[in-house]
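Chemist: What follows is the file work_4.cif, containing mmCIF, C-alpha atoms and all ligand atoms:
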data_input
loop_
_atom_site.label_atom_id
_atom_site.label_comp_id
_atom_site.auth_asym_id
_atom_site.auth_seq_id
_atom_site.Cartn_x
_atom_site.Cartn_y
_atom_site.Cartn_z
CA MET C 1 77.97 -76.07 -69.20
CA PRO C 2 77.49 -72.66 -67.61
CA SER C 3 78.57 -69.66 -69.62
CA ASP C 4 81.91 -67.94 -69.08
CA ALA C 5 83.16 -64.63 -70.45
CA ALA C 6 83.86 -66.11 -73.89
CA THR C 7 80.76 -68.14 -74.78
CA THR C 8 77.47 -66.50 -75.60
CA PRO C 9 74.81 -67.76 -73.20
CA ALA C 10 71.41 -69.11 -74.24
CA LEU C 11 69.84 -67.54 -71.18
CA SER C 12 70.69 -64.52 -69.03
CA LEU C 13 69.38 -64.03 -65.52
CA VAL C 14 69.29 -60.39 -64.43
CA ILE C 15 69.20 -59.67 -60.70
CA PRO C 16 69.16 -56.21 -59.08
CA VAL C 17 70.88 -56.05 -55.70
CA TYR C 18 70.64 -53.21 -53.19
CA ASN C 19 71.83 -53.72 -49.62
CA GLU C 20 71.10 -57.43 -49.68
CA GLU C 21 74.05 -58.78 -47.69
CA GLU C 22 71.71 -60.90 -45.55
CA SER C 23 70.04 -62.49 -48.58
CA LEU C 24 72.98 -63.03 -50.90
CA PRO C 25 74.40 -66.26 -49.44
CA ALA C 26 70.99 -67.92 -49.82
CA LEU C 27 70.70 -66.49 -53.33
CA PHE C 28 74.02 -67.98 -54.41
CA GLU C 29 72.95 -71.31 -52.98
CA ALA C 30 69.61 -71.16 -54.80
CA LEU C 31 71.31 -70.21 -58.07
CA ASP C 32 73.85 -73.01 -57.73
CA LYS C 33 70.94 -75.40 -57.38
CA ALA C 34 68.75 -73.93 -60.12
CA LEU C 35 71.44 -73.48 -62.75
CA PRO C 36 71.77 -77.09 -63.91
CA THR C 37 68.01 -77.21 -64.58
CA LEU C 38 68.21 -74.26 -67.00
CA PRO C 39 69.07 -74.09 -70.70
CA GLN C 40 72.85 -73.98 -71.15
CA PRO C 41 75.05 -72.04 -71.35
CA VAL C 42 73.52 -69.71 -68.78
CA GLU C 43 74.85 -66.54 -67.18
CA ALA C 44 73.63 -64.45 -64.27
CA VAL C 45 74.25 -60.70 -64.31
CA LEU C 46 73.96 -59.29 -60.80
CA VAL C 47 73.80 -55.53 -60.65
CA ASP C 48 74.83 -53.96 -57.37
CA ASP C 49 72.76 -50.80 -57.27
CA GLY C 50 75.15 -48.77 -55.10
CA SER C 51 74.78 -50.90 -51.96
CA ARG C 52 76.27 -49.44 -48.79
CA ASP C 53 76.62 -52.79 -47.04
CA ARG C 54 78.89 -55.72 -47.88
CA SER C 55 76.82 -56.80 -50.90
CA PHE C 56 79.48 -56.01 -53.49
CA ALA C 57 82.24 -57.81 -51.57
CA LEU C 58 79.99 -60.88 -51.32
CA LEU C 59 79.19 -60.69 -55.03
CA ARG C 60 82.85 -60.39 -55.97
CA ASP C 61 83.81 -63.34 -53.78
CA ALA C 62 81.01 -65.47 -55.18
CA ALA C 63 82.02 -64.57 -58.74
CA ALA C 64 85.59 -65.73 -58.13
CA SER C 65 84.49 -69.36 -58.15
CA ARG C 66 81.56 -69.01 -60.56
CA PRO C 67 82.45 -68.02 -64.12
CA TRP C 68 78.76 -67.73 -65.03
CA LEU C 69 78.23 -65.04 -62.42
CA ARG C 70 78.93 -61.56 -63.76
CA VAL C 71 78.80 -58.58 -61.46
CA VAL C 72 78.21 -54.93 -62.27
CA ARG C 73 78.54 -52.26 -59.62
CA PHE C 74 76.82 -48.89 -59.86
CA ARG C 75 78.62 -45.86 -58.46
CA ARG C 76 75.57 -44.94 -56.44
CA ASN C 77 71.98 -46.07 -55.97
CA PHE C 78 70.09 -45.52 -59.21
CA GLY C 79 67.04 -47.64 -58.42
CA GLN C 80 65.76 -51.08 -59.29
CA THR C 81 64.64 -50.13 -62.79
CA ALA C 82 68.06 -48.74 -63.70
CA ALA C 83 69.70 -51.86 -62.26
CA ILE C 84 67.47 -54.11 -64.38
CA ALA C 85 68.12 -51.93 -67.44
CA ALA C 86 71.88 -52.23 -66.93
CA GLY C 87 71.56 -55.97 -66.48
CA ILE C 88 69.65 -56.21 -69.75
CA ASP C 89 72.20 -54.03 -71.57
CA LEU C 90 75.21 -55.92 -70.27
CA SER C 91 73.84 -59.45 -70.56
CA ARG C 92 74.17 -61.31 -73.83
CA GLY C 93 71.59 -64.09 -73.98
CA PRO C 94 68.67 -63.97 -76.42
CA ILE C 95 66.38 -64.76 -73.49
CA ILE C 96 66.34 -62.72 -70.30
CA VAL C 97 64.80 -63.63 -66.97
CA ALA C 98 64.74 -60.94 -64.28
CA LEU C 99 64.23 -61.75 -60.61
CA ASP C 100 64.75 -60.19 -57.19
CA ALA C 101 67.84 -60.83 -55.11
CA ASP C 102 65.95 -61.43 -51.87
CA LEU C 103 64.54 -64.79 -53.04
CA GLN C 104 60.96 -63.61 -52.77
CA ASN C 105 60.87 -64.88 -56.34
CA ASP C 106 61.71 -68.55 -56.66
CA PRO C 107 64.30 -69.59 -59.27
CA LYS C 108 62.45 -72.91 -59.43
CA ASP C 109 59.75 -71.15 -61.47
CA ILE C 110 62.15 -70.22 -64.28
CA PRO C 111 61.84 -73.43 -66.36
CA ARG C 112 58.04 -72.98 -66.44
CA LEU C 113 58.39 -69.41 -67.65
CA LEU C 114 60.79 -70.55 -70.36
CA GLN C 115 58.35 -73.21 -71.46
CA LYS C 116 55.83 -70.47 -72.18
CA LEU C 117 58.41 -68.65 -74.30
CA ASP C 118 58.86 -71.90 -76.24
CA GLU C 119 55.13 -71.94 -76.87
CA GLY C 120 55.59 -68.71 -78.81
CA TYR C 121 55.10 -65.97 -76.25
CA GLU C 122 57.66 -63.21 -76.14
CA VAL C 123 57.01 -61.91 -72.63
CA VAL C 124 55.94 -64.09 -69.72
CA SER C 125 55.10 -62.12 -66.62
CA GLY C 126 55.01 -63.65 -63.17
CA TRP C 127 51.81 -63.31 -61.16
CA ARG C 128 52.32 -63.36 -57.40
CA ARG C 129 48.82 -64.65 -56.77
CA ASP C 130 49.58 -65.44 -53.18
CA ARG C 131 51.71 -62.39 -52.52
CA GLN C 132 53.65 -62.42 -49.26
CA ASP C 133 53.96 -58.73 -48.49
CA LYS C 134 52.30 -56.29 -46.08
CA ALA C 135 48.58 -55.99 -46.82
CA VAL C 136 47.85 -52.32 -46.35
CA THR C 137 50.99 -50.58 -47.60
CA ARG C 138 51.89 -53.01 -50.39
CA ARG C 139 49.17 -55.44 -51.52
CA LEU C 140 46.21 -53.07 -51.43
CA PRO C 141 47.83 -50.25 -53.45
CA SER C 142 49.13 -52.88 -55.82
CA VAL C 143 45.64 -54.27 -56.51
CA VAL C 144 44.37 -50.78 -57.30
CA ALA C 145 47.43 -49.87 -59.38
CA ASN C 146 47.28 -53.11 -61.36
CA TRP C 147 43.62 -52.58 -62.15
CA LEU C 148 44.25 -48.97 -63.17
CA ILE C 149 47.23 -49.84 -65.36
CA GLY C 150 45.26 -52.58 -67.08
CA TRP C 151 42.32 -50.29 -67.66
CA VAL C 152 44.37 -47.35 -68.96
CA THR C 153 46.76 -49.30 -71.16
CA GLY C 154 44.45 -52.09 -72.33
CA VAL C 155 47.12 -54.70 -71.57
CA ARG C 156 45.48 -56.90 -68.97
CA ILE C 157 47.70 -58.85 -66.64
CA HIS C 158 47.27 -59.19 -62.89
CA ASP C 159 50.63 -58.25 -61.48
CA TYR C 160 52.79 -55.75 -63.34
CA GLY C 161 55.08 -55.25 -60.35
CA CYS C 162 56.43 -58.80 -60.18
CA THR C 163 60.11 -58.70 -61.11
CA LEU C 164 60.13 -62.35 -62.16
CA LYS C 165 59.48 -62.16 -65.87
CA ALA C 166 60.95 -63.81 -68.94
CA TYR C 167 61.58 -61.87 -72.12
CA ARG C 168 62.92 -62.41 -75.57
CA ARG C 169 65.61 -59.79 -75.96
CA TRP C 170 64.19 -58.13 -79.02
CA VAL C 171 61.12 -56.91 -77.16
CA LEU C 172 63.35 -54.98 -74.76
CA GLU C 173 65.64 -53.29 -77.19
CA PRO C 174 63.60 -50.40 -78.56
CA TYR C 175 62.87 -48.85 -75.18
CA GLY C 176 64.82 -47.01 -72.53
CA LEU C 177 63.62 -47.71 -69.00
CA TYR C 178 63.14 -44.78 -66.64
CA GLY C 179 61.76 -44.28 -63.12
CA GLU C 180 59.80 -47.29 -61.92
CA MET C 181 59.13 -48.43 -65.44
CA HIS C 182 60.40 -51.98 -65.47
CA ARG C 183 56.86 -52.95 -64.54
CA PHE C 184 55.61 -51.48 -67.80
CA ILE C 185 57.77 -53.64 -70.06
CA PRO C 186 54.85 -56.00 -70.85
CA ILE C 187 52.89 -52.97 -71.97
CA TYR C 188 55.61 -51.57 -74.17
CA ALA C 189 56.18 -55.03 -75.54
CA SER C 190 52.53 -55.59 -76.30
CA TRP C 191 52.32 -52.22 -78.03
CA ALA C 192 55.37 -53.26 -80.04
CA GLY C 193 53.44 -56.31 -81.24
CA ALA C 194 54.85 -58.92 -78.84
CA ARG C 195 52.76 -61.80 -77.54
CA VAL C 196 52.45 -61.29 -73.80
CA THR C 197 51.15 -63.71 -71.22
CA GLU C 198 51.30 -64.26 -67.48
CA MET C 199 51.79 -67.22 -65.22
CA GLU C 200 51.29 -67.80 -61.52
CA VAL C 201 54.58 -67.92 -59.64
CA THR C 202 55.55 -68.71 -56.10
CA HIS C 203 56.14 -65.77 -53.80
CA HIS C 204 57.95 -66.10 -50.50
CA PRO C 205 57.99 -63.67 -47.61
CA ARG C 206 61.26 -61.77 -47.37
CA ARG C 207 63.43 -63.92 -45.11
CA ALA C 208 66.33 -61.57 -44.52
CA GLY C 209 67.00 -57.85 -44.81
CA VAL C 210 64.28 -55.26 -45.30
CA SER C 211 62.09 -54.17 -48.20
CA LYS C 212 63.34 -51.05 -49.94
CA TYR C 213 59.86 -49.79 -50.70
CA GLY C 214 56.81 -48.42 -48.93
CA LEU C 215 53.69 -46.52 -49.85
CA GLY C 216 55.71 -43.78 -51.56
CA ARG C 217 56.21 -45.85 -54.67
CA VAL C 218 52.48 -45.63 -55.50
CA PHE C 219 52.85 -42.02 -56.62
CA LYS C 220 55.85 -42.79 -58.77
CA VAL C 221 53.98 -45.64 -60.43
CA LEU C 222 50.94 -43.43 -61.08
CA LEU C 223 53.07 -40.69 -62.64
CA ASP C 224 54.94 -43.26 -64.71
CA LEU C 225 51.60 -44.60 -65.91
CA LEU C 226 50.75 -41.14 -67.19
CA THR C 227 54.06 -40.93 -69.07
CA VAL C 228 53.75 -44.42 -70.48
CA THR C 229 50.23 -43.83 -71.72
CA PHE C 230 51.24 -40.58 -73.33
CA LEU C 231 54.40 -41.98 -74.90
CA GLY C 232 52.71 -45.15 -76.01
CA GLY C 233 49.64 -43.64 -77.56
CA TYR C 234 50.89 -40.35 -78.84
CA SER C 235 54.66 -40.36 -78.95
CA THR C 236 54.73 -39.96 -82.68
CA LYS C 237 51.81 -37.51 -82.85
CA PRO C 238 51.58 -35.24 -79.78
CA ILE C 239 49.52 -32.71 -81.71
CA TYR C 240 46.69 -35.27 -81.85
CA PHE C 241 46.86 -35.60 -78.08
CA PHE C 242 46.73 -31.87 -77.37
CA GLY C 243 44.70 -30.97 -80.43
CA ARG C 244 41.43 -32.51 -79.31
CA PRO C 245 41.11 -30.64 -75.98
CA ALA C 246 42.43 -27.55 -77.78
CA PHE C 247 39.53 -27.62 -80.23
CA ALA C 248 37.02 -28.32 -77.46
CA LEU C 249 38.30 -25.42 -75.34
CA CYS C 250 38.44 -22.98 -78.25
CA THR C 251 34.94 -23.93 -79.37
CA VAL C 252 33.38 -23.38 -75.93
CA GLY C 253 35.41 -20.17 -75.59
CA MET C 254 34.17 -18.87 -78.91
CA LEU C 255 30.62 -19.83 -78.00
CA SER C 256 30.84 -17.75 -74.81
CA GLY C 257 32.26 -14.90 -76.87
CA ALA C 258 29.44 -15.17 -79.37
CA ILE C 259 26.79 -15.11 -76.63
CA PHE C 260 28.52 -12.10 -75.11
CA VAL C 261 28.44 -10.21 -78.42
CA ALA C 262 24.84 -11.23 -79.17
CA GLN C 263 23.78 -10.06 -75.74
CA PHE C 264 25.65 -6.77 -76.17
CA ILE C 265 23.92 -6.11 -79.49
CA LYS C 266 20.53 -7.03 -78.07
CA GLU C 267 20.88 -4.65 -75.11
CA HIS C 268 22.85 -1.74 -76.49
CA VAL C 269 21.97 -1.68 -80.20
CA MET C 270 18.49 -3.09 -80.28
CA HIS C 271 17.72 -1.74 -76.80
CA VAL C 272 15.95 -4.89 -75.65
CA PRO C 273 16.48 -5.02 -71.86
CA GLY C 274 17.43 -8.12 -69.80
CA GLU C 275 20.47 -10.34 -70.05
CA TRP C 276 20.72 -14.13 -70.52
CA LEU C 277 23.98 -14.59 -68.68
CA GLN C 278 26.24 -12.26 -66.71
CA PRO C 279 28.43 -10.45 -69.25
CA VAL C 280 31.51 -10.54 -66.99
CA THR C 281 31.32 -14.31 -66.63
CA LEU C 282 30.84 -14.76 -70.36
CA LEU C 283 33.77 -12.54 -71.23
CA LEU C 284 36.02 -14.24 -68.69
CA LEU C 285 35.05 -17.67 -69.94
CA ALA C 286 35.58 -16.64 -73.55
CA VAL C 287 39.05 -15.23 -72.92
CA PHE C 288 40.13 -17.96 -70.53
CA LEU C 289 38.97 -20.98 -72.51
CA PHE C 290 40.15 -19.62 -75.84
CA SER C 291 43.64 -18.80 -74.53
CA LEU C 292 43.81 -22.19 -72.84
CA GLY C 293 42.88 -23.85 -76.14
CA VAL C 294 45.58 -21.91 -77.96
CA GLN C 295 48.07 -22.92 -75.25
CA PHE C 296 47.14 -26.56 -75.78
CA LEU C 297 47.68 -26.24 -79.50
CA LEU C 298 51.05 -24.60 -78.97
CA MET C 299 51.95 -27.35 -76.50
CA GLY C 300 51.07 -29.91 -79.13
CA LEU C 301 53.27 -28.13 -81.65
CA LEU C 302 56.13 -27.97 -79.16
CA GLY C 303 55.57 -31.68 -78.58
CA GLU C 304 55.86 -32.26 -82.31
CA ILE C 305 59.24 -30.53 -82.35
CA LEU C 306 60.42 -32.47 -79.29
CA ILE C 307 59.29 -35.79 -80.65
CA ARG C 308 61.23 -35.20 -83.86
CA THR C 309 64.35 -34.47 -81.85
CA TYR C 310 63.65 -37.55 -79.75
CA HIS C 311 63.37 -39.87 -82.71
CA GLU C 312 66.03 -38.36 -84.92
CA SER C 313 68.74 -37.72 -82.32
CA GLN C 314 68.60 -41.37 -81.30
CA GLY C 315 68.13 -42.75 -84.77
CA LYS C 316 64.78 -44.12 -83.61
CA LYS C 317 62.25 -45.14 -86.19
CA THR C 318 58.54 -44.53 -85.87
CA TYR C 319 57.93 -48.20 -86.60
CA LEU C 320 59.36 -51.60 -85.68
CA VAL C 321 60.16 -54.22 -88.32
CA GLY C 322 59.66 -57.86 -87.31
CA GLU C 323 60.96 -59.79 -90.29
CA ARG C 324 62.05 -59.16 -93.84
CA VAL C 325 61.85 -61.53 -96.77
CA ASN C 326 64.07 -61.31 -99.85
CA PHE C 327 66.09 -58.48 -98.42
CA GLU C 328 69.85 -58.73 -98.60
CA ARG C 329 70.58 -57.97 -94.98
CA PRO C 330 68.66 -59.73 -92.19
CA ALA C 331 66.32 -57.62 -90.07
CA GLU C 332 68.32 -55.64 -87.53
N1 LIG C 401 66.54 -52.98 -55.40
C1 LIG C 401 67.49 -52.30 -56.15
N2 LIG C 401 67.58 -50.94 -56.02
C2 LIG C 401 66.75 -50.23 -55.19
C3 LIG C 401 65.76 -50.93 -54.49
C4 LIG C 401 65.68 -52.30 -54.60
O1 LIG C 401 68.25 -52.90 -56.91
O2 LIG C 401 66.90 -49.01 -55.12
C5 LIG C 401 66.42 -54.44 -55.55
C6 LIG C 401 66.43 -55.21 -54.25
O3 LIG C 401 67.75 -55.51 -53.83
C7 LIG C 401 65.65 -56.46 -54.61
C8 LIG C 401 64.65 -55.94 -55.61
O4 LIG C 401 65.18 -54.72 -56.13
O5 LIG C 401 66.47 -57.42 -55.26
C9 LIG C 401 63.27 -55.73 -55.01
O6 LIG C 401 63.38 -54.91 -53.87
P1 LIG C 401 62.56 -55.23 -52.55
O7 LIG C 401 62.64 -56.67 -52.21
O8 LIG C 401 62.99 -54.25 -51.51
O9 LIG C 401 61.08 -54.86 -53.01
P2 LIG C 401 59.73 -55.61 -52.61
O10 LIG C 401 59.96 -57.09 -52.85
O11 LIG C 401 59.47 -55.31 -51.19
O12 LIG C 401 58.72 -55.03 -53.56
MG MG C 402 61.44 -58.22 -52.12
#
Could you quickly redo this structure as structure tokens?
Ligand code: UDP
Ligand code: MG

Modeler:
Amino acid sequence: MPSDAATTPALSLVIPVYNEEESLPALFEALDKALPTLPQPVEAVLVDDGSRDRSFALLRDAAASRPWLRVVRFRRNFGQTAAIAAGIDLSRGPIIVALDADLQNDPKDIPRLLQKLDEGYEVVSGWRRDRQDKAVTRRLPSVVANWLIGWVTGVRIHDYGCTLKAYRRWVLEPYGLYGEMHRFIPIYASWAGARVTEMEVTHHPRRAGVSKYGLGRVFKVLLDLLTVTFLGGYSTKPIYFFGRPAFALCTVGMLSGAIFVAQFIKEHVMHVPGEWLQPVTLLLLAVFLFSLGVQFLLMGLLGEILIRTYHESQGKKTYLVGERVNFERPAE
């Protein structure tokens, strides 16, 4: 029995759609076929990310005869991550599977992903081992980016960018998704204590329509990586992040200052000629490094203020509770 508006589904599929009129008919067909093989009731939340083609009309028509198909339309294009975030927010199942609308991901893989969740994992990430995209502009940057993300974050999976992933809902709830960040969900989740694994999935070449991305996304992903690392490691204590370089800079600055003073005394008080280092350089270094160190400290303090606003204005805690025993109310 597929889910309708009244019953709570066991599984929610979340699918971002942007100018996919050529792919949608095949997607509906694939979903019709895949649905009976999935845990029931099941719903699919398709988020039209401000398409300018006939995508929304096709979605609305398809939904008329399919009560399990729920459609959300953005007012304008907000990006794939925002579309996935909306799909997560508006879906209701305790398990969420995200996939692309262009059928590059194969709905046939979903039962295998779910099996992994049953084994106790909380995030199962698809790995497009045999990825069917352009080599130079897409696969090569992706190999480098995946390696870098794994190295920086310590969460090692092969293919962060694959949309096809299965999640237990609780791992998604504490975090807002920004920019290109849907790819970092396994990292957030792992930092939140979730068990994360990956699984090889089928990847098809895009059969219809065009890819929405090119090389430009690499920069966004790199900048997002910086944010994620900062937020993940230091979001509750920014002063620790800025404090270390601040101390290093101030120490070297003070050292230059000390040499400058020692040299001044040696030459002008004790009248011993000859200088160790150029006084101008020393003075410049002293002033520059010390002020930079102070700036870093101040930045850390500002960060501390911001992070308090961030946590308190949203009622966010600095910790996540998994379970509670002998408490009156169940864990929220
Ligand atoms: N997409 C979206 N908003 C965008 C760009 C893409 O919702 O601004 C959707 C798109 O319709 C597709 C998925 O995100 O379902 C992946 O996009 P695409 O296939 O272009 O990316 P690629 O597979 O080439 O990485
Ligand atoms: Mg695609």

Chemist: Please give me, as a PyMOL selection string, the residues lying within 6 Å of ligand LIG 401 (chain C) when counting all atoms listed in the file.

Modeler: chain C and resi 16-18+20+49+77+79-80+83+100-102+211-213

Chemist: With C-alpha atoms retained, could you export that selection as a short mmCIF file (atom, residue, chain, number, x, y, z; two decimals), in the frame of the given file?

Modeler:
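What landed in out03.cif:
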data_model
loop_
_atom_site.label_atom_id
_atom_site.label_comp_id
_atom_site.auth_asym_id
_atom_site.auth_seq_id
_atom_site.Cartn_x
_atom_site.Cartn_y
_atom_site.Cartn_z
CA PRO C 16 69.16 -56.21 -59.08
CA VAL C 17 70.88 -56.05 -55.70
CA TYR C 18 70.64 -53.21 -53.19
CA GLU C 20 71.10 -57.43 -49.68
CA ASP C 49 72.76 -50.80 -57.27
CA ASN C 77 71.98 -46.07 -55.97
CA GLY C 79 67.04 -47.64 -58.42
CA GLN C 80 65.76 -51.08 -59.29
CA ALA C 83 69.70 -51.86 -62.26
CA ASP C 100 64.75 -60.19 -57.19
CA ALA C 101 67.84 -60.83 -55.11
CA ASP C 102 65.95 -61.43 -51.87
CA SER C 211 62.09 -54.17 -48.20
CA LYS C 212 63.34 -51.05 -49.94
CA TYR C 213 59.86 -49.79 -50.70
#

Chemist: Could you produce a table of the residues of chain C lying within 12 Å of ligand MG 402 (chain C), with the nearest pair of atoms per residue and their separation in Å rounded to one decimal, using all atoms listed in the file, ordered by chain and increasing residue number, as CSV?

Modeler:
residue,atom,partner,partner_atom,distance
C:Ile15,CA,C:MG402,MG,11.7
C:Pro16,CA,C:MG402,MG,10.6
C:Val17,CA,C:MG402,MG,10.3
C:Tyr18,CA,C:MG402,MG,10.5
C:Asn19,CA,C:MG402,MG,11.6
C:Glu20,CA,C:MG402,MG,10.0
C:Ser23,CA,C:MG402,MG,10.2
C:Gln80,CA,C:MG402,MG,11.0
C:Leu99,CA,C:MG402,MG,9.6
C:Asp100,CA,C:MG402,MG,6.4
C:Ala101,CA,C:MG402,MG,7.5
C:Asp102,CA,C:MG402,MG,5.5
C:Leu103,CA,C:MG402,MG,7.3
C:Gln104,CA,C:MG402,MG,5.5
C:Asn105,CA,C:MG402,MG,7.9
C:Asp106,CA,C:MG402,MG,11.3
C:Arg128,CA,C:MG402,MG,11.7
C:Arg131,CA,C:MG402,MG,10.6
C:Gln132,CA,C:MG402,MG,9.3
C:Asp133,CA,C:MG402,MG,8.3
C:Lys134,CA,C:MG402,MG,11.1
C:Arg138,CA,C:MG402,MG,11.0
C:Gly161,CA,C:MG402,MG,10.8
C:Cys162,CA,C:MG402,MG,9.5
C:Thr163,CA,C:MG402,MG,9.1
C:Leu164,CA,C:MG402,MG,10.9
C:His203,CA,C:MG402,MG,9.4
C:His204,CA,C:MG402,MG,8.8
C:Pro205,CA,C:MG402,MG,7.9
C:Arg206,CA,C:MG402,MG,5.9
C:Arg207,CA,C:MG402,MG,9.3
C:Ala208,CA,C:MG402,MG,9.6
C:Gly209,CA,C:MG402,MG,9.2
C:Val210,CA,C:MG402,MG,8.0
C:Ser211,CA,C:MG402,MG,5.7
C:Lys212,CA,C:MG402,MG,7.7
C:Tyr213,CA,C:MG402,MG,8.7
C:Gly214,CA,C:MG402,MG,11.3

Chemist: Could you tell me how far CA of Asp224 in chain C sits from CA of Gly179 in chain C, in Å to one decimal place?

Modeler: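 Going from CA of Gly179 in chain C over to CA of Asp224 in chain C, I get 7.1 Å.
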
Chemist: Determine, counting all atoms listed in the file, which protein, DNA and RNA residues have an atom within 8 Å of an atom of range 248-256 of chain C; residues of the same chain fewer than 5 positions away are not included. Present the result as a list in words.

Modeler: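 These residues fall inside the cut-off: Leu282, Leu283, Leu285, Ala286, Val287, Phe288, Leu289, Phe290, Ser291, Leu292, Gly293 and Val294 of chain C.
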
Chemist: With distances taken over only C-alpha atoms, which of C:Phe219, C:Phe264, C:Trp151, C:Tyr167 is nearest to Ser12 in chain C?

Modeler: C:Tyr167

Chemist: Please check which residues have atoms at most 7 Å from (65.2, -61.6, -65.1) in the file's coordinates, counting only C-alpha atoms, and write them as number ranges by chain.

Modeler: C: 13-15, 96-99, 164-166
